[in-house]
There are 2 protein chains.
Amino acid sequence: MATAKILINGQWTDSQSTETFQAVNPATGETLETKYPLSNWADLDAALNAAQAADEIVRDWPGERFAAFLEAYANRIEENADEIAATAHVETALPLTPRLRDGELPRTTGQLRQAAQSARNGEWALPVIDDENNIRSVHRSLGPVIVFGPNNFPLAFNGISGGDFAAAIAAGNPVIAKGHPSHPETTRLLAEAALQAAKETDFPPGFVQLIYRMPPEDGIKMIKDPRIAAVGYTGALGAGLKVKAAADEAGKPAYLELSSINPVFVLPGYLEQKGDDLLDEFTGSCLMGSGQFCTNPGLVILPPGEGVSSWIEKLQGKFAASSCGALLSEGVRDNFLASVKFLIDHGAKLLAGGEAQAGDGFAVHSTLLTCTAEQFLESPETFQREAFGNGSLLVTTSDVNQMTEIARVLEGQLTGTVYLAENDEDEVIYSTLEPVLRRKVGRLLNNKMPTGVAVSPAMNHGGPYPATGHPGFTSVGIPASIRRFSMLQCYDNIPQQRLPAALKS
Amino acid sequence: MATAKILINGQWTDSQSTETFQAVNPATGETLETKYPLSNWADLDAALNAAQAADEIVRDWPGERFAAFLEAYANRIEENADEIAATAHVETALPLTPRLRDGELPRTTGQLRQAAQSARNGEWALPVIDDENNIRSVHRSLGPVIVFGPNNFPLAFNGISGGDFAAAIAAGNPVIAKGHPSHPETTRLLAEAALQAAKETDFPPGFVQLIYRMPPEDGIKMIKDPRIAAVGYTGALGAGLKVKAAADEAGKPAYLELSSINPVFVLPGYLEQKGDDLLDEFTGSCLMGSGQFCTNPGLVILPPGEGVSSWIEKLQGKFAASSCGALLSEGVRDNFLASVKFLIDHGAKLLAGGEAQAGDGFAVHSTLLTCTAEQFLESPETFQREAFGNGSLLVTTSDVNQMTEIARVLEGQLTGTVYLAENDEDEVIYSTLEPVLRRKVGRLLNNKMPTGVAVSPAMNHGGPYPATGHPGFTSVGIPASIRRFSMLQCYDNIPQQRLPAALKS
């Protein structure tokens with residue numbers, strides 16, 4: 001079987017490298033047939049040249065043109081929705097329905113269409129006109145963007161179709177997508193739809209391109225290359241920090257979503273009044289998608305009190321009785337088990353799961369760990385080790401003030417959640433906890449699990465480091481996410497005929 | 001004479017270090033009498049603790065409170081305007097009038113008042129309310145900010161009174177100001193006014209603090225300290241890159257204004273029609289304030305053509321006949337002369353100046369250098385060496401296309417200027433040059449020198465690296481400059497009574 005091609009300069013092209021990789025069906029452990037290229041620098045160099053050439057053509061195009069592409073692309077995805085979702089299911093073991101076909105796919109096309117709308121109306125660009133001084137400014141495109149997609153959302157965060165892609169395009173930039181190697185065929189199908197949409201809307205050939213994989217050192221070289229203007233990255237902390245270091249050194253913007261354990265604080269009044277409801281709500285949120293959400297609640301801080309140990313026992317029962325689908329890959333499974341082992345080795349107690357499920361796939365029994373507030377506060381870094389998968393760490397407290405102390409030592413997080421009683425009995429604790437937690441998290445929730453990330457203009461899917469690289473930006477939520485992939489351009493004393501449309505008086 | 005005190009936790013306090021430094025009058029070379037402390041880590045640690053304590057008190061205060069402080073502070077500065085301006089004149093040798101007393105001082109109070117207005121109306125924070133999903137977001141304060149002020153604007157960019165200070169305060173953050181050691185007494189007077197204003201408006205003692213100087217390694221340690229949330233820095237490239245590396249490593253926002261030579265492209269039609277006007281306009285802009293503006297036109301790209309050599313000769317005459325005030329310090333003078341020597345050593349030809357003026361002060365004869373486009377294009381990095389002071393490099397071309405080639409190899413700049421004819425004879429060249437130059441500069445100008453930086457909401461005093469650390473932000477221009485010192489905070493499913501005022505329905 002021939003090796004799959006990469007999408008370079010408007011053509012499906014043979015890689016100039018002979019190295020290949022294959023994807024694996026995580027539900028069976030079976031290696032899938034198609035070989036995909038591990039690109040070398042010659043491939044990347046060709047992509048960079050084509051992106052630059054495309055950029056020179058599209059850089060002054062009106063938002064309408066980018067909107068047209070985004071909408072045509074959304075349509076193309078919908079036309080092939082069944083095949084795309086089915087392929088993603090095989091490559092990720094995520095449920096076909098409702099997750100992929102009825103959830104993530106419509107979310108993806110919805111994002112593309114929202115981005116199109118913003119590209120068309122131009123409000124994302126915050127135009128400011130100072131007629132008196134004849135000074136004007138607006139956010140505009142900044143050049144080719146490379147987008148690294150993660151493993152856990154093969155559609156809605158894919159480098160060729162996800163939120164960063166949509167945002168970078170809406171701002172007017174060409175994109176080189178770096179697909180995640182765990183779902184290459186899904187990515188190829190999406191790229192084909194993007195290619196057709198780009199042709200249909202008369203974009204230059206280097207406007208959207210696809211590379212599946214490259215050696216890490218070539219990825220770093222690419223980020224530093226002057227033909228790349230900005231970077232989007234969603235993925236593991238380790239690789240992400242290398243991406244960040246390369247972009248920082250080159251002085252270019254990189255928007256990174258890295259790591260988050262999404263603490264959930266359960267205040268005493270709530271546990272007493274609604275503890276039973278919380279059992280199901282938490283179990284559902286924690287185990288959904290085998291726990292592979294950026295906003296998975298990986299840390300639960302429980303109040304002191306008599307009811308806690310029986311609540312934990314009930315939860316333990318639910319976890320033991322649950323069954324979860326396979327994790328995304330052998331690597332995800334191994335990392336998950338290694339993190340669980342790390343936590344146990346450092347004193348956490350295992351309440352459920354903690355080992356691989358029998359069978360061919362990469363599944364792990366739903367895992368529950370616990371430690372005390374004293375343990376957590378003594379080694380906060382240790383107990384904040386992310387265990388990406390279907391598990392969570394419960395922290396028991398002996399004094400409500402420990403809850404705020406724990407918030408104080410948390411690293412930056414995407415989300416922070418507080419469950420509190422409907423009446424006002426938890427308000428005093430909340431008023432101490434909230435200001436501390438607020439600064440640590442991008443999104444604060446009350447009485448709601450963090451796993452749903454609505455595509456709302458008010459969403460912040462972001463947060464302080466190391467959740468992301470900058471606390472002022474969100475990767476979900478249009479139009480704010482678009483502004484990331486732009487530069488501020490000021491026009492001083494420029495006559496009307498030489499101004500971009502958005503800045504004419 | 002006793003050593004001056006630092007402003008820590010609301011008190012003028014003796015430094016815990018015994019090391020001191022003194023300022024120098026750059027017009028005479030005379031060392032000024034007062035000794036100022038070179039702070040050690042104990043001083044910085046005390047400031048960090050006080051800032052953190054203040055932050056815990058003010059973090060939920062409404063914008064109105066910060067507005068009240070900023071306005072009280074502007075009033076206090078005005079009450080002591082004559083002494084502040086006179087002191088700045090002694091410490092910087094910048095002209096007392098109109099520059100300091102009638103230009104920079106009112107600009108400073110104007111900035112503080114504009115920031116106050118924005119703090120009050122809250123529009124800078126871009127609140128978004130999604131009632132349907134009950135998700136809301138807004139930019140809010142992120143914690144103590146350290147602001148490093150530069151040498152060249154002792155008032156309008158001072159760490160205790162300038163644009164970054166005003167922006168950080170308006171966003172609701174405590175500030176630790178790191179004054180520039182070349183004008184410590186000016187900074188002390190400003191800090192005293194800030195202290196009185198903070199008392200008058202009931203701010204906690206650690207809200208505004210002042211350190212004059214610290215060993216570089218302690219500065220780096222301070223930037224990385226978790227009690228600091230963000231950094232503002234305006235100054236030299238070398239130190240700035242160390243600030244950036246420290247902030248990057250710690251994953252916190254740093255807003256840096258580093259280096260810019262502000263290219264001016266003179267198109268052939270303009271030179272022919274208005275060349276004589278340009279002589280005076282350019283000389284004025286280049287030599288004003290002894291050339292010590294971030295937006296000083298340090299590079300002029302001249303068109304091919306017969307008139308060029310006589311234009312250069314006339315400019316040479318003007319530079320030779322000009323006299324400039326002293327540079328800001330011995331260090332600035334030495335760096336300027338070293339850069340001029342570097343350029344000459346690498347092939348630039350000296351047309352005027354290039355050596356120190358006779359007398360006691362730190363003045364240098366107005367300096368004009370020239371090289372050819374071929375030279376520039378062969379070693380673009382060499383000929384973009386910033387020579388901060390009263391001088392500029394003229395680049396001659398033999399073909400108009402070389403102008404665009406030069407734009408293509410430019411590093412990121414704060415400004416880029418094109419002079420072109422009133423009729424349309426330069427439009428063809430402009431249409432090739434503009435798209436290339438546009439991406440390299442934060443502010444594009446036509447037929448206007450870049451040295452005036454209006455405090456306008458449409459201003460961009462920013463640009464791609466290495467002009468600054470991020471192309472999406474401006475340090476001048478309210479409200480955008482305020483948003484830099486904030487984090488995006490989302491509220492998901494939070495009841496009305498627990499929302500900040502800006503997000504209530």
# chains A, B, ... in the order shown; residues from 1 in each chain; ligands from 1

call {"tool": "residues_around", "arguments": {"residues": "region 38-40 of chain B", "least_positions_apart": "4", "cutoff": "10 Å", "atoms": "only C-alpha atoms", "output": "VMD selection string"}}
result
chain B and resid 6 14 to 22 44 to 45 181 211 to 215 218 to 219

call {"tool": "write_last_selection", "arguments": {"atoms": "N, CA and C atoms", "output": "JSON list (two decimals), in the first residue's frame"}}
result
[["chain", "number", "residue", "atom", "x", "y", "z"],
["B", 6, "ILE", "N", 13.78, 54.36, 50.23],
["B", 6, "ILE", "CA", 12.91, 53.73, 49.24],
["B", 6, "ILE", "C", 11.48, 53.73, 49.78],
["B", 14, "ASP", "N", 14.44, 53.15, 55.11],
["B", 14, "ASP", "CA", 15.86, 52.92, 54.82],
["B", 14, "ASP", "C", 16.04, 51.59, 54.10],
["B", 15, "SER", "N", 16.85, 51.60, 53.09],
["B", 15, "SER", "CA", 17.20, 50.34, 52.43],
["B", 15, "SER", "C", 17.94, 49.45, 53.40],
["B", 16, "GLN", "N", 17.79, 48.14, 53.23],
["B", 16, "GLN", "CA", 18.55, 47.20, 54.05],
["B", 16, "GLN", "C", 19.93, 46.92, 53.46],
["B", 17, "SER", "N", 20.21, 47.60, 52.36],
["B", 17, "SER", "CA", 21.55, 47.51, 51.76],
["B", 17, "SER", "C", 22.32, 48.79, 52.09],
["B", 18, "THR", "N", 23.62, 48.70, 52.13],
["B", 18, "THR", "CA", 24.42, 49.90, 52.37],
["B", 18, "THR", "C", 25.04, 50.42, 51.07],
["B", 19, "GLU", "N", 24.87, 49.69, 50.01],
["B", 19, "GLU", "CA", 25.44, 50.16, 48.74],
["B", 19, "GLU", "C", 24.60, 51.30, 48.18],
["B", 20, "THR", "N", 25.26, 52.25, 47.55],
["B", 20, "THR", "CA", 24.56, 53.42, 47.02],
["B", 20, "THR", "C", 25.06, 53.76, 45.62],
["B", 21, "PHE", "N", 24.30, 54.64, 44.99],
["B", 21, "PHE", "CA", 24.75, 55.23, 43.71],
["B", 21, "PHE", "C", 24.33, 56.69, 43.70],
["B", 22, "GLN", "N", 24.92, 57.45, 42.78],
["B", 22, "GLN", "CA", 24.56, 58.86, 42.64],
["B", 22, "GLN", "C", 24.25, 59.15, 41.17],
["B", 44, "LEU", "N", 13.60, 44.05, 48.24],
["B", 44, "LEU", "CA", 12.66, 43.59, 47.22],
["B", 44, "LEU", "C", 11.62, 42.64, 47.83],
["B", 45, "ASP", "N", 12.08, 41.80, 48.72],
["B", 45, "ASP", "CA", 11.19, 40.86, 49.39],
["B", 45, "ASP", "C", 10.13, 41.61, 50.19],
["B", 181, "PRO", "N", 17.97, 54.65, 37.17],
["B", 181, "PRO", "CA", 18.99, 55.27, 38.04],
["B", 181, "PRO", "C", 19.56, 56.58, 37.49],
["B", 211, "ILE", "N", 11.48, 51.29, 44.12],
["B", 211, "ILE", "CA", 12.87, 50.83, 44.27],
["B", 211, "ILE", "C", 13.68, 51.58, 43.21],
["B", 212, "TYR", "N", 14.86, 52.06, 43.56],
["B", 212, "TYR", "CA", 15.64, 52.78, 42.56],
["B", 212, "TYR", "C", 16.48, 51.88, 41.67],
["B", 213, "ARG", "N", 17.03, 50.86, 42.29],
["B", 213, "ARG", "CA", 18.01, 50.08, 41.54],
["B", 213, "ARG", "C", 18.28, 48.81, 42.33],
["B", 214, "MET", "N", 18.63, 47.73, 41.61],
["B", 214, "MET", "CA", 18.99, 46.49, 42.29],
["B", 214, "MET", "C", 20.01, 45.78, 41.41],
["B", 215, "PRO", "N", 20.76, 44.83, 41.97],
["B", 215, "PRO", "CA", 21.65, 44.06, 41.11],
["B", 215, "PRO", "C", 20.82, 43.30, 40.08],
["B", 218, "ASP", "N", 19.04, 40.12, 41.09],
["B", 218, "ASP", "CA", 17.86, 40.26, 41.96],
["B", 218, "ASP", "C", 16.64, 40.74, 41.16],
["B", 219, "GLY", "N", 16.90, 41.54, 40.15],
["B", 219, "GLY", "CA", 15.80, 41.94, 39.27],
["B", 219, "GLY", "C", 15.17, 40.71, 38.60]]

call {"tool": "interface_residues", "arguments": {"of": "chain B", "to": "chain A", "cutoff": "6 Å", "atoms": "only C-alpha atoms", "output": "list in words"}}
result
Val128, Asp130, Ile135, Arg136, Ser137, Gly251, Gly442, Arg443, Leu444, Leu445, Asn446, Ala458, Asn460, Tyr465, Gly469, Pro471, Gly472, Met487, Leu488, Gln489, Cys490, Tyr491, Asp492, Asn493 and Ile494 of chain B

call {"tool": "select_by_dssp", "arguments": {"residues": "region 407-437 of chain B", "states": "strand (DSSP E)", "output": "short mmCIF file (atom, residue, chain, number, x, y, z; two decimals) with C-alpha atoms, in the first residue's frame"}}
result
data_model
loop_
_atom_site.label_atom_id
_atom_site.label_comp_id
_atom_site.auth_asym_id
_atom_site.auth_seq_id
_atom_site.Cartn_x
_atom_site.Cartn_y
_atom_site.Cartn_z
CA GLN B 413 9.98 48.25 14.24
CA LEU B 414 7.75 50.61 16.21
CA THR B 415 7.23 52.78 13.15
CA GLY B 416 7.79 52.86 9.41
CA THR B 417 7.36 56.02 7.36
CA VAL B 418 6.90 56.62 3.67
CA TYR B 419 7.14 60.05 2.09
#

call {"tool": "closest_residue", "arguments": {"among": "A:Gly291, A:Gly159, A:Gly29, A:Gly361", "to": "Gly232 (chain A)", "atoms": "only C-alpha atoms"}}
result
A:Gly159

call {"tool": "select_by_dssp", "arguments": {"residues": "region 182-235 of chain B", "states": "helix (DSSP H, G or I)", "output": "ChimeraX atom specification"}}
result
/B:184-200,216-224

call {"tool": "write_last_selection", "arguments": {"atoms": "N, CA and C atoms", "output": "compact mmCIF listing (two decimals), in the first residue's frame"}}
result
# COMPACT_ATOMS: atom_id res chain seq x y z
N PRO B 184 16.99 59.64 39.61
CA PRO B 184 16.35 59.16 40.85
C PRO B 184 15.58 60.24 41.61
N GLU B 185 16.05 61.45 41.60
CA GLU B 185 15.37 62.48 42.38
C GLU B 185 14.02 62.83 41.75
N THR B 186 13.99 62.88 40.43
CA THR B 186 12.72 63.09 39.73
C THR B 186 11.74 61.99 40.13
N THR B 187 12.23 60.78 40.13
CA THR B 187 11.39 59.62 40.47
C THR B 187 10.92 59.70 41.91
N ARG B 188 11.81 60.16 42.80
CA ARG B 188 11.43 60.28 44.22
C ARG B 188 10.30 61.29 44.38
N LEU B 189 10.41 62.43 43.69
CA LEU B 189 9.37 63.45 43.80
C LEU B 189 8.03 62.92 43.29
N LEU B 190 8.09 62.18 42.20
CA LEU B 190 6.86 61.60 41.67
C LEU B 190 6.29 60.58 42.66
N ALA B 191 7.15 59.76 43.22
CA ALA B 191 6.68 58.73 44.17
C ALA B 191 6.05 59.38 45.39
N GLU B 192 6.60 60.51 45.83
CA GLU B 192 6.02 61.22 46.96
C GLU B 192 4.60 61.68 46.61
N ALA B 193 4.43 62.19 45.39
CA ALA B 193 3.09 62.61 44.96
C ALA B 193 2.15 61.40 44.90
N ALA B 194 2.68 60.27 44.42
CA ALA B 194 1.86 59.04 44.35
C ALA B 194 1.46 58.58 45.75
N LEU B 195 2.41 58.66 46.67
CA LEU B 195 2.13 58.24 48.05
C LEU B 195 1.03 59.10 48.67
N GLN B 196 1.13 60.41 48.48
CA GLN B 196 0.11 61.30 49.04
C GLN B 196 -1.26 61.00 48.41
N ALA B 197 -1.25 60.78 47.11
CA ALA B 197 -2.53 60.48 46.43
C ALA B 197 -3.11 59.16 46.91
N ALA B 198 -2.25 58.18 47.16
CA ALA B 198 -2.73 56.88 47.64
C ALA B 198 -3.32 57.01 49.04
N LYS B 199 -2.69 57.84 49.87
CA LYS B 199 -3.23 58.06 51.21
C LYS B 199 -4.58 58.78 51.14
N GLU B 200 -4.59 59.82 50.33
CA GLU B 200 -5.79 60.64 50.17
C GLU B 200 -6.99 59.81 49.69
N PRO B 216 21.32 43.15 38.86
CA PRO B 216 20.52 42.50 37.81
C PRO B 216 19.98 41.14 38.23
N GLU B 217 20.77 40.37 38.96
CA GLU B 217 20.29 39.01 39.32
C GLU B 217 19.09 39.08 40.26
N ASP B 218 19.04 40.12 41.09
CA ASP B 218 17.86 40.26 41.96
C ASP B 218 16.64 40.74 41.16
N GLY B 219 16.90 41.54 40.15
CA GLY B 219 15.80 41.94 39.27
C GLY B 219 15.17 40.71 38.60
N ILE B 220 16.02 39.82 38.13
CA ILE B 220 15.55 38.59 37.48
C ILE B 220 14.79 37.72 38.48
N LYS B 221 15.33 37.62 39.68
CA LYS B 221 14.67 36.82 40.72
C LYS B 221 13.28 37.38 41.04
N MET B 222 13.21 38.70 41.04
CA MET B 222 11.94 39.37 41.33
C MET B 222 10.91 39.08 40.24
N ILE B 223 11.35 39.13 38.99
CA ILE B 223 10.43 38.87 37.87
C ILE B 223 9.87 37.45 37.98
N LYS B 224 10.72 36.51 38.38
CA LYS B 224 10.27 35.11 38.46
C LYS B 224 9.46 34.83 39.72

call {"tool": "atom_distance", "arguments": {"atom1": "CA of Ala177 (chain A)", "atom2": "CA of Asn262 (chain A)"}}
result
28.1 Å

call {"tool": "residues_around", "arguments": {"residues": "region 328-338 of chain A", "least_positions_apart": "6", "cutoff": "12 Å", "atoms": "only C-alpha atoms", "output": "PyMOL selection string"}}
result
chain A and resi 23-31+88-95+150-154+180-183+235-236+289-293+298+344-345+353-357+360-367+385-392

call {"tool": "residues_around", "arguments": {"residues": "Ala2 (chain B)", "least_positions_apart": "4", "cutoff": "10 Å", "atoms": "only C-alpha atoms", "output": "PyMOL selection string"}}
result
chain B and resi 14+34-36

call {"tool": "write_last_selection", "arguments": {"atoms": "C-alpha atoms", "output": "CSV table (one decimal), in the first residue's frame"}}
result
chain,number,residue,atom,x,y,z
B,14,ASP,CA,15.9,52.9,54.8
B,34,THR,CA,22.3,62.7,46.9
B,35,LYS,CA,23.0,59.1,47.4
B,36,TYR,CA,20.4,56.5,46.5

call {"tool": "atom_distance", "arguments": {"atom1": "CA of Asp225 (chain A)", "atom2": "CA of Ala42 (chain A)"}}
result
13.4 Å

call {"tool": "residues_around", "arguments": {"residues": "region 396-403 of chain B", "least_positions_apart": "2", "cutoff": "12 Å", "atoms": "only C-alpha atoms", "output": "ChimeraX atom specification"}}
result
/B:263-269,299-309,311-312,348-349,369-378,393-394,405-410,418,426,428-434,436-437

call {"tool": "residues_around", "arguments": {"residues": "Pro106 (chain A)", "least_positions_apart": "4", "cutoff": "10 Å", "atoms": "only C-alpha atoms", "output": "list in words"}}
result
Ala74, Ile77, Glu78, Ala81, Leu100, Arg101, Asp102, Gly110, Gln111, Leu112, Leu155 and Ala156 of chain A

call {"tool": "decode", "arguments": {"residues": "region 86-99 of chain A", "atoms": "N, CA and C atoms", "output": "JSON list (two decimals), in the first residue's frame"}}
result
[["chain", "number", "residue", "atom", "x", "y", "z"],
["A", 86, "ALA", "N", -16.86, 8.41, 11.39],
["A", 86, "ALA", "CA", -16.57, 6.97, 11.50],
["A", 86, "ALA", "C", -15.06, 6.74, 11.56],
["A", 87, "THR", "N", -14.34, 7.48, 10.76],
["A", 87, "THR", "CA", -12.88, 7.34, 10.75],
["A", 87, "THR", "C", -12.30, 7.78, 12.10],
["A", 88, "ALA", "N", -12.80, 8.91, 12.61],
["A", 88, "ALA", "CA", -12.33, 9.39, 13.91],
["A", 88, "ALA", "C", -12.63, 8.37, 14.99],
["A", 89, "HIS", "N", -13.77, 7.71, 14.89],
["A", 89, "HIS", "CA", -14.12, 6.69, 15.88],
["A", 89, "HIS", "C", -13.10, 5.54, 15.86],
["A", 90, "VAL", "N", -12.73, 5.10, 14.66],
["A", 90, "VAL", "CA", -11.76, 4.01, 14.55],
["A", 90, "VAL", "C", -10.40, 4.44, 15.11],
["A", 91, "GLU", "N", -10.02, 5.68, 14.84],
["A", 91, "GLU", "CA", -8.67, 6.12, 15.22],
["A", 91, "GLU", "C", -8.56, 6.56, 16.68],
["A", 92, "THR", "N", -9.70, 6.89, 17.31],
["A", 92, "THR", "CA", -9.63, 7.43, 18.68],
["A", 92, "THR", "C", -10.36, 6.59, 19.71],
["A", 93, "ALA", "N", -11.22, 5.70, 19.26],
["A", 93, "ALA", "CA", -12.09, 4.93, 20.15],
["A", 93, "ALA", "C", -13.08, 5.81, 20.91],
["A", 94, "LEU", "N", -13.18, 7.07, 20.56],
["A", 94, "LEU", "CA", -14.23, 7.90, 21.16],
["A", 94, "LEU", "C", -15.57, 7.45, 20.58],
["A", 95, "PRO", "N", -16.65, 7.55, 21.37],
["A", 95, "PRO", "CA", -17.94, 7.06, 20.88],
["A", 95, "PRO", "C", -18.37, 7.77, 19.58],
["A", 96, "LEU", "N", -18.86, 6.98, 18.64],
["A", 96, "LEU", "CA", -19.31, 7.55, 17.37],
["A", 96, "LEU", "C", -20.50, 8.47, 17.59],
["A", 97, "THR", "N", -21.48, 7.95, 18.36],
["A", 97, "THR", "CA", -22.62, 8.80, 18.72],
["A", 97, "THR", "C", -22.81, 8.71, 20.22],
["A", 98, "PRO", "N", -23.21, 9.76, 20.88],
["A", 98, "PRO", "CA", -23.41, 11.07, 20.27],
["A", 98, "PRO", "C", -22.10, 11.85, 20.09],
["A", 99, "ARG", "N", -21.02, 11.41, 20.74],
["A", 99, "ARG", "CA", -19.84, 12.25, 20.82],
["A", 99, "ARG", "C", -19.34, 12.79, 19.47]]
